[in-house]
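This is coords.txt. It holds compact mmCIF, C-alpha atoms.
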# COMPACT_ATOMS: atom_id res chain seq x y z
CA MET X 75 15.51 7.37 52.19
CA ALA X 76 15.23 6.31 48.57
CA ALA X 77 14.18 2.84 49.74
CA ASN X 78 10.71 4.14 50.58
CA PRO X 79 8.58 3.57 47.48
CA MET X 80 6.48 6.63 48.25
CA TYR X 81 9.47 8.92 48.44
CA GLN X 82 9.37 9.53 44.68
CA PHE X 83 6.06 11.36 45.08
CA ASN X 84 7.43 13.95 47.44
CA VAL X 85 7.00 17.53 46.37
CA TYR X 86 9.79 19.90 47.36
CA ARG X 87 10.55 23.50 46.74
CA ILE X 88 13.02 24.50 44.06
CA GLY X 89 14.46 27.95 44.54
CA PRO X 90 13.04 30.59 46.85
CA GLU X 91 9.70 30.53 48.58
CA ILE X 92 7.12 32.61 46.69
CA LYS X 93 4.18 33.86 48.71
CA ILE X 94 1.31 36.01 47.54
CA ASN X 95 -1.13 37.08 50.26
CA ASN X 96 0.22 34.37 52.53
CA ILE X 97 -0.48 31.71 49.88
CA ASP X 98 2.49 29.54 49.01
CA ILE X 99 2.92 29.24 45.25
CA SER X 100 6.59 28.33 45.28
CA PHE X 101 8.18 26.68 42.27
CA THR X 102 8.44 22.97 43.07
CA ASN X 103 9.62 19.86 41.28
CA ALA X 104 5.98 19.33 40.23
CA SER X 105 5.94 22.79 38.65
CA LEU X 106 9.26 22.03 36.98
CA PHE X 107 7.88 18.93 35.27
CA MET X 108 4.70 20.72 34.25
CA VAL X 109 6.86 23.38 32.61
CA ILE X 110 9.11 20.77 30.99
CA SER X 111 6.13 18.84 29.61
CA SER X 112 4.47 21.97 28.24
CA LEU X 113 7.71 23.19 26.69
CA ALA X 114 8.34 19.77 25.13
CA ILE X 115 4.85 19.76 23.61
CA LEU X 116 5.27 23.28 22.31
CA ILE X 117 8.72 22.61 20.85
CA ILE X 118 7.73 19.33 19.18
CA PHE X 119 4.51 20.67 17.71
CA ASN X 120 6.09 23.94 16.69
CA LEU X 121 8.71 21.99 14.78
CA GLY X 122 5.82 20.09 13.24
CA THR X 123 4.25 23.15 11.66
CA LYS X 124 6.71 23.47 8.78
CA ARG X 125 4.91 24.04 5.55
CA SER X 126 6.10 21.25 3.36
CA ILE X 127 3.98 19.04 1.18
CA ILE X 128 6.00 15.96 2.03
CA PRO X 129 6.32 16.00 5.83
CA ASN X 130 9.49 15.18 7.74
CA LYS X 131 9.37 12.94 10.80
CA ILE X 132 8.40 15.54 13.38
CA GLN X 133 5.83 17.07 11.07
CA LEU X 134 4.41 13.63 10.42
CA LEU X 135 4.21 13.02 14.18
CA ALA X 136 2.41 16.31 14.74
CA GLU X 137 0.00 15.75 11.88
CA LEU X 138 -0.70 12.15 12.87
CA SER X 139 -1.45 13.26 16.46
CA TYR X 140 -3.68 15.98 15.08
CA SER X 141 -5.69 13.60 12.93
CA PHE X 142 -5.71 10.93 15.67
CA ILE X 143 -7.32 13.27 18.19
CA SER X 144 -9.52 14.86 15.56
CA LYS X 145 -10.84 11.43 14.63
CA MET X 146 -11.28 10.47 18.29
CA ILE X 147 -13.37 13.59 18.93
CA SER X 148 -15.53 13.24 15.84
CA ASP X 149 -16.08 9.55 16.59
CA THR X 150 -17.18 10.03 20.18
CA ALA X 151 -18.69 13.51 20.31
CA GLY X 152 -19.67 14.21 16.73
CA SER X 153 -19.05 17.28 14.64
CA LYS X 154 -20.50 19.64 17.24
CA ALA X 155 -17.40 19.12 19.37
CA LYS X 156 -15.10 20.76 16.79
CA PRO X 157 -14.72 24.02 18.83
CA TYR X 158 -13.37 22.03 21.79
CA PHE X 159 -10.70 20.34 19.71
CA SER X 160 -7.84 22.54 20.94
CA PHE X 161 -8.76 21.95 24.56
CA ILE X 162 -8.94 18.18 24.22
CA PHE X 163 -5.76 18.16 22.18
CA SER X 164 -3.92 20.17 24.86
CA LEU X 165 -5.39 17.99 27.58
CA PHE X 166 -4.37 14.73 25.93
CA MET X 167 -0.89 15.99 25.12
CA PHE X 168 -0.37 17.45 28.59
CA VAL X 169 -1.41 14.27 30.37
CA LEU X 170 0.51 12.10 27.93
CA PHE X 171 3.73 14.10 28.25
CA CYS X 172 3.46 14.32 32.04
CA ASN X 173 2.95 10.55 32.19
CA MET X 174 5.81 9.89 29.81
CA PHE X 175 8.24 12.25 31.54
CA GLY X 176 7.35 10.42 34.74
CA MET X 177 8.78 7.26 33.21
CA ILE X 178 12.29 8.70 33.18
CA PRO X 179 14.12 7.49 36.32
CA TYR X 180 14.55 10.11 39.08
CA SER X 181 11.96 12.32 37.42
CA PHE X 182 8.65 13.36 38.91
CA THR X 183 5.22 12.29 37.71
CA VAL X 184 2.90 15.28 37.77
CA THR X 185 -0.20 13.19 37.15
CA SER X 186 0.49 10.94 40.14
CA HIS X 187 -0.83 13.68 42.38
CA ILE X 188 -4.55 13.62 43.10
CA ILE X 189 -4.75 17.38 43.34
CA VAL X 190 -3.48 17.86 39.78
CA THR X 191 -5.78 15.29 38.22
CA PHE X 192 -8.67 16.47 40.35
CA VAL X 193 -8.27 20.06 39.22
CA LEU X 194 -8.25 18.93 35.60
CA ALA X 195 -11.25 16.67 36.11
CA ALA X 196 -13.18 19.29 38.08
CA PHE X 197 -12.50 21.85 35.39
CA ILE X 198 -13.78 19.44 32.74
CA PHE X 199 -16.82 18.57 34.87
CA ILE X 200 -17.76 22.18 35.51
CA GLY X 201 -17.08 23.17 31.94
CA VAL X 202 -19.16 20.34 30.53
CA THR X 203 -22.02 21.11 32.90
CA ILE X 204 -21.96 24.78 31.89
CA ILE X 205 -21.89 23.84 28.20
CA GLY X 206 -24.82 21.50 28.75
CA PHE X 207 -26.92 24.15 30.45
CA ILE X 208 -26.02 26.75 27.80
CA LYS X 209 -26.93 24.43 24.94
CA HIS X 210 -30.11 22.92 26.38
CA GLY X 211 -31.15 25.20 29.23
CA LEU X 212 -33.00 23.35 31.95
CA GLY X 213 -33.61 20.57 29.43
CA TYR X 214 -30.12 19.38 30.27
CA LEU X 215 -31.64 17.93 33.43
CA LYS X 216 -33.29 15.34 31.19
CA LEU X 217 -29.86 13.71 31.24
CA PHE X 218 -30.85 12.28 34.63
CA VAL X 219 -34.11 10.85 33.32
CA PRO X 220 -33.41 8.05 30.86
CA SER X 221 -36.23 7.34 28.43
CA GLY X 222 -38.11 4.06 28.56
CA VAL X 223 -37.81 3.55 32.29
CA PRO X 224 -40.94 2.45 34.22
CA MET X 225 -42.41 5.15 36.44
CA VAL X 226 -41.92 2.99 39.53
CA LEU X 227 -38.17 2.83 39.04
CA LEU X 228 -37.80 6.44 38.01
CA PRO X 229 -36.99 7.98 41.45
CA LEU X 230 -34.31 5.38 42.01
CA ILE X 231 -32.87 5.77 38.53
CA VAL X 232 -32.76 9.54 38.82
CA VAL X 233 -30.88 9.32 42.11
CA ILE X 234 -28.42 6.83 40.63
CA GLU X 235 -27.93 8.99 37.57
CA ILE X 236 -27.28 12.07 39.66
CA ILE X 237 -24.78 10.23 41.82
CA SER X 238 -23.04 8.82 38.78
CA TYR X 239 -22.94 12.26 37.18
CA LEU X 240 -21.52 13.87 40.31
CA SER X 241 -18.94 11.13 40.72
CA ARG X 242 -17.56 11.76 37.24
CA PRO X 243 -14.80 14.16 38.33
CA ILE X 244 -13.80 11.84 41.14
CA SER X 245 -13.67 8.75 38.98
CA LEU X 246 -11.88 10.63 36.23
CA SER X 247 -9.24 12.05 38.54
CA VAL X 248 -8.78 8.99 40.73
CA ARG X 249 -8.42 6.71 37.70
CA LEU X 250 -5.45 8.63 36.35
CA PHE X 251 -3.89 9.36 39.73
CA ALA X 252 -4.22 5.81 41.06
CA ASN X 253 -2.90 4.25 37.88
CA MET X 254 0.16 6.43 37.84
CA MET X 255 0.82 6.12 41.53
CA ALA X 256 0.34 2.36 41.64
CA GLY X 257 2.55 1.77 38.64
CA HIS X 258 5.37 3.92 39.90
CA THR X 259 5.13 2.44 43.40
CA MET X 260 5.29 -1.07 41.97
CA MET X 261 8.34 -0.19 39.95
CA LYS X 262 10.00 1.31 42.97
CA VAL X 263 9.16 -1.74 45.11
CA PHE X 264 10.60 -4.11 42.53
CA GLY X 265 13.63 -1.87 42.18
CA GLY X 266 14.06 -2.09 45.98
CA PHE X 267 13.87 -5.89 45.75
CA VAL X 268 16.62 -5.89 43.16
CA VAL X 269 18.88 -3.95 45.53
CA SER X 270 18.02 -5.92 48.67
CA LEU X 271 18.26 -9.36 47.04
CA GLY X 272 21.59 -8.50 45.50
CA ILE X 273 23.37 -10.13 42.62
CA VAL X 274 22.11 -13.64 43.47
CA GLY X 275 18.36 -13.22 43.73
CA GLY X 276 17.89 -9.82 42.14
CA TRP X 277 17.46 -11.02 38.60
CA LEU X 278 13.83 -12.02 38.94
CA PRO X 279 12.62 -8.64 40.28
CA LEU X 280 14.87 -6.97 37.73
CA GLY X 281 13.05 -8.85 34.98
CA PHE X 282 9.75 -7.82 36.54
CA SER X 283 10.95 -4.27 36.68
CA VAL X 284 11.82 -4.31 32.99
CA ALA X 285 8.45 -5.81 32.12
CA LEU X 286 6.71 -3.28 34.36
CA THR X 287 8.49 -0.45 32.59
CA GLY X 288 7.00 -1.58 29.31
CA LEU X 289 3.60 -1.97 30.91
CA GLU X 290 3.85 1.45 32.52
CA ILE X 291 4.67 3.11 29.21
CA LEU X 292 1.56 1.47 27.80
CA VAL X 293 -0.44 2.61 30.83
CA ALA X 294 0.94 6.13 30.49
CA PHE X 295 -0.40 6.34 26.94
CA LEU X 296 -3.61 4.49 27.73
CA GLN X 297 -4.51 6.67 30.71
CA ALA X 298 -3.94 9.83 28.72
CA TYR X 299 -6.15 8.38 26.00
CA VAL X 300 -8.82 7.32 28.50
CA PHE X 301 -8.75 10.74 30.12
CA ALA X 302 -9.22 12.43 26.76
CA ILE X 303 -11.86 10.04 25.50
CA LEU X 304 -13.89 10.29 28.72
CA THR X 305 -13.76 14.05 28.35
CA CYS X 306 -15.11 13.57 24.83
CA ILE X 307 -17.89 11.33 26.11
CA TYR X 308 -18.91 13.83 28.77
CA LEU X 309 -18.82 16.53 26.14
CA ASN X 310 -20.97 14.37 23.91
CA ASP X 311 -23.55 14.09 26.70
CA ALA X 312 -23.60 17.85 27.00
CA LEU X 313 -23.72 18.57 23.26
CA ASN X 314 -26.00 15.84 21.94
CA LEU X 315 -28.61 15.19 24.56
CA HIS X 316 -30.20 11.98 23.38
CA HIS X 317 -31.61 10.28 26.41
CA MET H 263 22.57 -20.58 66.26
CA LEU H 264 24.65 -17.48 65.64
CA LYS H 265 23.44 -17.38 62.08
CA LYS H 266 19.82 -17.45 63.24
CA ILE H 267 20.34 -14.54 65.64
CA ILE H 268 22.02 -12.44 63.01
CA PHE H 269 19.23 -13.15 60.53
CA GLN H 270 16.54 -12.22 63.07
CA PHE H 271 18.37 -9.03 63.91
CA LEU H 272 18.62 -8.07 60.27
CA ALA H 273 14.95 -8.79 59.63
CA LEU H 274 13.82 -6.82 62.64
CA SER H 275 16.02 -3.87 61.82
CA LEU H 276 14.66 -3.85 58.28
CA ILE H 277 11.07 -3.76 59.58
CA PHE H 278 11.88 -1.05 62.07
CA THR H 279 13.65 1.22 59.63
CA TYR H 280 10.81 0.76 57.17
CA SER H 281 8.15 1.75 59.68
CA ALA H 282 10.29 4.62 60.89
CA GLN H 283 10.65 5.95 57.34
CA SER H 284 6.92 5.63 56.73
CA ALA H 285 6.15 7.55 59.89
CA GLU H 286 8.63 10.22 58.96
CA SER H 287 7.24 10.93 55.50
CA GLY H 288 3.63 10.50 56.64
CA GLY H 289 2.36 7.92 54.14
CA MET H 290 1.22 9.30 50.81
CA PRO H 291 2.82 12.60 49.93
CA GLN H 292 -0.16 13.21 47.62
CA LEU H 293 -2.39 13.81 50.61
CA ASN H 294 -0.09 16.37 52.15
CA PRO H 295 -1.79 19.70 51.42
CA GLU H 296 1.37 21.74 51.88
CA PHE H 297 1.97 22.29 48.14
CA TRP H 298 -1.57 21.89 46.84
CA ILE H 299 -2.07 25.54 46.14
CA SER H 300 1.28 25.76 44.47
CA GLN H 301 0.50 22.75 42.29
CA ILE H 302 -2.89 24.16 41.32
CA PHE H 303 -1.33 27.53 40.53
CA TRP H 304 1.40 26.06 38.35
CA LEU H 305 -0.98 23.63 36.70
CA VAL H 306 -3.34 26.44 35.74
CA LEU H 307 -0.45 28.57 34.56
CA THR H 308 1.36 25.94 32.47
CA PHE H 309 -1.74 24.24 31.13
CA GLY H 310 -3.38 27.57 30.39
CA LEU H 311 -0.35 28.83 28.50
CA LEU H 312 -0.04 25.51 26.69
CA PHE H 313 -3.69 25.63 25.68
CA ILE H 314 -3.52 29.23 24.52
CA ILE H 315 -0.33 28.79 22.50
CA LEU H 316 -1.49 25.52 20.98
CA SER H 317 -4.94 26.78 20.04
CA LYS H 318 -3.83 30.21 18.82
CA PHE H 319 -0.58 29.49 17.02
CA ILE H 320 0.28 25.86 16.51
CA LEU H 321 -2.91 23.91 15.84
CA PRO H 322 -4.26 26.31 13.16
CA LYS H 323 -0.98 25.95 11.30
CA ILE H 324 -1.14 22.16 11.43
CA SER H 325 -4.76 22.08 10.30
CA ASN H 326 -3.90 24.57 7.57
CA ASN H 327 -1.06 22.34 6.43
CA LEU H 328 -3.33 19.32 6.36
CA GLU H 329 -5.97 21.25 4.43
CA THR H 330 -3.52 22.58 1.86
CA ARG H 331 -2.03 19.16 1.42
CA LYS H 332 -5.45 17.62 0.92
CA SER H 333 -6.52 20.30 -1.54
CA GLN H 334 -3.20 20.09 -3.35
CA ILE H 335 -3.54 16.33 -3.68
CA VAL H 336 -7.07 16.69 -5.01
CA GLU H 337 -5.90 19.38 -7.40
CA ASN H 338 -3.00 17.27 -8.58
CA ILE H 339 -5.27 14.30 -9.15
CA GLU H 340 -7.62 16.52 -11.12
CA THR H 341 -4.81 17.87 -13.28
CA ALA H 342 -3.50 14.38 -13.80
CA ASP H 343 -6.94 13.22 -14.88
CA LYS H 344 -7.33 16.15 -17.20
CA GLN H 345 -3.95 15.57 -18.73
CA ARG H 346 -4.64 11.90 -19.17
CA GLU H 347 -7.90 12.68 -20.92
CA GLU H 348 -6.11 15.15 -23.15
CA THR H 349 -3.49 12.57 -23.95
CA GLU H 350 -6.14 10.04 -24.82
CA LYS H 351 -7.84 12.57 -27.04
CA LYS H 352 -4.59 13.39 -28.75
CA VAL H 353 -3.82 9.71 -29.23
CA ARG H 354 -7.26 9.24 -30.74
CA GLU H 355 -6.70 12.22 -33.01
CA PHE H 356 -3.35 10.86 -34.01
CA ASP H 357 -4.87 7.47 -34.80
CA LYS H 358 -7.58 9.13 -36.80
CA ILE H 359 -5.10 11.17 -38.78
CA ILE H 360 -3.06 8.08 -39.53
CA ASN H 361 -6.17 6.18 -40.59
CA ASP H 362 -7.35 9.03 -42.74
CA THR H 363 -3.98 9.29 -44.35
CA LYS H 364 -3.92 5.58 -45.01
CA VAL H 365 -7.37 5.70 -46.59
CA GLU H 366 -6.42 8.73 -48.60
CA ALA H 367 -3.24 7.11 -49.79
CA LYS H 368 -5.15 4.00 -50.76
CA ASN H 369 -7.78 6.02 -52.56
CA PHE H 370 -5.15 8.03 -54.32
CA PHE H 371 -3.28 4.93 -55.31
CA ASN H 372 -6.47 3.25 -56.51
CA SER H 373 -7.60 6.26 -58.52
CA GLU H 374 -4.19 6.70 -60.04
CA ARG H 375 -4.03 3.04 -60.92
CA GLN H 376 -7.50 3.26 -62.42
CA LYS H 377 -6.47 6.29 -64.39
CA VAL H 378 -3.37 4.60 -65.68
CA LEU H 379 -5.31 1.48 -66.53
CA ASP H 380 -7.98 3.50 -68.31
CA ASP H 381 -5.34 5.38 -70.19
CA VAL H 382 -3.64 2.19 -71.21
CA ASN H 383 -6.96 0.68 -72.22
CA ASN H 384 -7.94 3.71 -74.24
CA LYS H 385 -4.64 3.81 -75.98
CA ARG H 386 -4.82 0.13 -76.73
CA LEU H 387 -8.36 0.45 -78.03
CA SER H 388 -7.52 3.35 -80.27
CA LEU H 389 -4.42 1.57 -81.40
CA GLU H 390 -6.41 -1.54 -82.17
CA LYS H 391 -8.93 0.53 -84.09
CA ASP H 392 -6.18 2.17 -86.05
CA ILE H 393 -4.59 -1.17 -86.75
CA GLU H 394 -7.90 -2.59 -87.88
CA GLN H 395 -8.48 0.34 -90.17
CA GLU H 396 -5.00 0.02 -91.54
CA ILE H 397 -5.59 -3.66 -92.07
CA ILE H 398 -8.88 -3.03 -93.83
CA LYS H 399 -7.30 -0.38 -95.97
CA ALA H 400 -4.40 -2.63 -96.77
CA GLU H 401 -6.69 -5.49 -97.62
CA LYS H 402 -8.71 -3.25 -99.90
CA GLU H 403 -5.55 -2.08 -101.59
CA ILE H 404 -4.36 -5.60 -101.92
CA GLY H 405 -7.72 -6.64 -103.39
CA GLN H 406 -7.62 -3.77 -105.87
CA LEU H 407 -4.04 -4.51 -106.67
CA LYS H 408 -4.90 -8.11 -107.29
CA LYS H 409 -7.69 -7.16 -109.61
CA THR H 410 -5.73 -4.54 -111.55
CA SER H 411 -2.59 -6.64 -111.75
CA GLN H 412 -4.49 -9.55 -113.29
CA GLU H 413 -6.03 -7.35 -115.88
CA LYS H 414 -2.71 -5.73 -116.65
CA VAL H 415 -0.90 -9.05 -116.80
CA THR H 416 -3.58 -10.37 -119.15
CA LYS H 417 -3.31 -7.26 -121.31
CA ILE H 418 0.48 -7.48 -121.41
CA ALA H 419 0.31 -11.19 -122.13
CA ILE H 420 -2.11 -10.59 -125.00
CA GLU H 421 0.05 -7.83 -126.47
CA THR H 422 3.30 -9.79 -126.15
CA SER H 423 1.72 -12.94 -127.51
CA SER H 424 0.22 -10.98 -130.47
CA ASP H 425 3.62 -9.34 -131.09
CA LEU H 426 5.34 -12.72 -130.90
CA ILE H 427 2.89 -14.30 -133.29
CA LYS H 428 3.24 -11.31 -135.70
CA GLN H 429 6.96 -11.69 -135.72
CA LEU H 430 6.75 -15.48 -136.08
CA ILE H 431 4.05 -15.66 -138.68
CA GLY H 432 4.15 -12.14 -139.99
CA GLU H 433 0.50 -11.38 -139.88
CA ASP H 434 -2.15 -10.12 -137.44
CA ILE H 435 -4.32 -12.58 -135.61
CA ASN H 436 -7.76 -11.92 -134.29
CA LYS H 437 -7.21 -10.26 -131.03
CA SER H 438 -10.39 -11.54 -129.40
CA SER H 439 -9.50 -15.22 -129.88
CA LEU H 440 -6.01 -14.54 -128.57
CA SER H 441 -7.29 -12.84 -125.49
CA ALA H 442 -9.64 -15.73 -124.82
CA ILE H 443 -6.77 -18.18 -124.93
CA VAL H 444 -4.55 -15.95 -122.69
CA GLU H 445 -7.30 -15.43 -120.20
CA ASP H 446 -7.95 -19.10 -120.02
CA LEU H 447 -4.31 -19.86 -119.44
CA SER H 448 -3.75 -17.09 -116.97
CA LYS H 449 -6.85 -18.13 -115.05
CA LYS H 450 -5.41 -21.59 -114.73
CA GLU H 451 -2.07 -20.12 -113.66
CA MET H 452 -3.71 -17.74 -111.20
CA GLU H 453 -5.65 -20.58 -109.69
CA LYS H 454 -2.43 -22.46 -109.26
CA TYR H 455 -0.79 -19.35 -107.81
CA ASN H 456 -3.57 -18.57 -105.46
CA GLY H 457 -3.60 -22.19 -104.36
CA ILE H 458 -7.29 -22.63 -104.96

Target encoding structure tokens, full file:
Amino acid sequence: MAANPMYQFNVYRIGPEIKINNIDISFTNASLFMVISSLAILIIFNLGTKRSIIPNKIQLLAELSYSFISKMISDTAGSKAKPYFSFIFSLFMFVLFCNMFGMIPYSFTVTSHIIVTFVLAAFIFIGVTIIGFIKHGLGYLKLFVPSGVPMVLLPLIVVIEIISYLSRPISLSVRLFANMMAGHTMMKVFGGFVVSLGIVGGWLPLGFSVALTGLEILVAFLQAYVFAILTCIYLNDALNLHH
Amino acid sequence: MLKKIIFQFLALSLIFTYSAQSAESGGMPQLNPEFWISQIFWLVLTFGLLFIILSKFILPKISNNLETRKSQIVENIETADKQREETEKKVREFDKIINDTKVEAKNFFNSERQKVLDDVNNKRLSLEKDIEQEIIKAEKEIGQLKKTSQEKVTKIAIETSSDLIKQLIGEDINKSSLSAIVEDLSKKEMEKYNGI
């Protein structure tokens, strides 16, 4: 069974079946890795809150992540985005840790499931839209009308803008999901080649597998970063309407 | 021939098992909605808790730490600057004191030297004056002595010569002619004595 490269994405129940009003919310391997990722984040960053003037390694890690994300937010969304710092920090860390835990062999990648990334992206999309309407009222609709466009092209541009705005949650979620799924599938396929080609011909796919592991770790970080920075950009659109 | 058959069999069986497995698991497990609700529920639960704990407890502490560190560093730099300034001031004061002391010492030395020199000068001057006076006095005395001694010598010479003549001849001679002769002789002698 393990030869199927898609098998690693299977979700299965751990422990008893939990049903509330006929809705299945059982604890699964996906839930397990969400819990593990969250706990890891909490433990690491809680260890990083020691009050010492000269930080130790974990404190340095926590403080560097803090300033990294703080700088990312202020660079892309300006100072108005300060209240959303905790959310973007949690989002980045959650996606990053889920991606990274997925790199451990025989583990499960939470973010390789479209439903998880789509819920995150939809939440961001709805939240950003609500923030935009609260901040600018109906003036937020000016987002769809770029300035300096000839009147003839305006209907077309508005339609394109609306489609691009509505496709944001899809592109955001599919980007992360597809990257994670494709990378893990590739690794599994190359791992299968190593087994099937044996000790004679298996070295080449093994080398590829090793290289892919490095690439996937990079992708895991990069996709978390992209997810967070796109959230910042959407937030910037909602906070500083400058079309 | 046998090899070829075995190879074909293996290849076909591989393809068949692969397709059978794919059919069994139904392609992408991501699109199987069986556990979607469960995933959404656990995602909301874990991410929500993570967000709440991070934003309420952990992130404020980290930002607080960063702030205190920044302010402490600024404070330390300020104190360091202040202390450096103070040190510079003290060094300047120290230099000034040393300079002042040097100048004072020089002045003191100069004034003392001047005083000593003046004292010496004064003493010398007064001493010279005294010596001069003494010399003048002595010269005067000598001059007087010279004068009186000549007269006395002449007188004595006249008396002795008159006595001698009285004893030799037995009669008095005119004193005025005798004195003229004695004076004349003594003048000659005195001139010889004085080296004139």

### Message
Contacts from chain H to chain X, 8 Å maximum, only C-alpha atoms: show me the residue list as an NGL selection string.
### Response
:H and (280 or 283-284 or 287 or 289-293 or 297-305 or 308-309 or 312-313 or 315-317 or 320-321 or 323-325 or 327-328 or 331)

### Query
Using all atoms listed in the file, which of the listed residues (X:Ser181, X:Ile205, X:Leu286, X:Phe301) sits closest to X:Ala155?
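Of the candidates, the smallest distance to X:Ala155 is held by X:Ile205.
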
### Polymer residues at most 7 Å from stretch 309-311 of chain X, all atoms listed in the file, same-chain spacing of 6 or more positions, as a PyMOL selection string
chain X and resi 150-151+202

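Between atom CA of X:Asn95 and atom CA of H:Leu311 there is a distance of 23.3 Å.
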
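As for atom CA of X:Pro243 and atom CA of H:Val306, they are spaced 17.0 Å apart.
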
### Query
Could you work out how far atom CA of H:Ser438 lies from atom CA of H:Lys417, giving the answer in Å with one decimal?
11.6 Å

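Residue nearest X:Thr203 within the list X:Val169, X:Ile147, X:Leu215, X:Val274: X:Leu215 [criterion: smallest interatomic distance, all atoms listed in the file].
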
### Query
Between X:Gly281, X:Gly272, X:Pro179, X:Gly201, which has the minimum distance to X:Thr305 (counting all atoms listed in the file)?
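Nearest to X:Thr305: X:Gly201.
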
Reconstruct N, CA and C atoms of stretch 437-448 of chain H; output as a tab-separated table (two decimals), keeping the file's coordinate frame.
chain	number	residue	atom	x	y	z
H	437	LYS	N	-7.58	-10.56	-132.44
H	437	LYS	CA	-7.21	-10.26	-131.03
H	437	LYS	C	-8.14	-10.90	-130.03
H	438	SER	N	-9.42	-10.99	-130.38
H	438	SER	CA	-10.39	-11.54	-129.40
H	438	SER	C	-10.12	-13.00	-129.12
H	439	SER	N	-9.81	-13.79	-130.13
H	439	SER	CA	-9.50	-15.22	-129.88
H	439	SER	C	-8.24	-15.36	-129.08
H	440	LEU	N	-7.26	-14.51	-129.32
H	440	LEU	CA	-6.01	-14.54	-128.57
H	440	LEU	C	-6.25	-14.25	-127.09
H	441	SER	N	-7.02	-13.19	-126.91
H	441	SER	CA	-7.29	-12.84	-125.49
H	441	SER	C	-8.03	-13.95	-124.77
H	442	ALA	N	-8.91	-14.62	-125.47
H	442	ALA	CA	-9.64	-15.73	-124.82
H	442	ALA	C	-8.67	-16.80	-124.38
H	443	ILE	N	-7.75	-17.13	-125.26
H	443	ILE	CA	-6.77	-18.18	-124.93
H	443	ILE	C	-5.93	-17.73	-123.73
H	444	VAL	N	-5.42	-16.46	-123.79
H	444	VAL	CA	-4.55	-15.95	-122.69
H	444	VAL	C	-5.30	-15.92	-121.35
H	445	GLU	N	-6.51	-15.47	-121.48
H	445	GLU	CA	-7.30	-15.43	-120.20
H	445	GLU	C	-7.48	-16.79	-119.63
H	446	ASP	N	-7.77	-17.72	-120.47
H	446	ASP	CA	-7.95	-19.10	-120.02
H	446	ASP	C	-6.69	-19.62	-119.37
H	447	LEU	N	-5.58	-19.39	-120.00
H	447	LEU	CA	-4.31	-19.86	-119.44
H	447	LEU	C	-3.98	-19.15	-118.11
H	448	SER	N	-4.12	-17.84	-118.21
H	448	SER	CA	-3.75	-17.09	-116.97
H	448	SER	C	-4.67	-17.43	-115.78
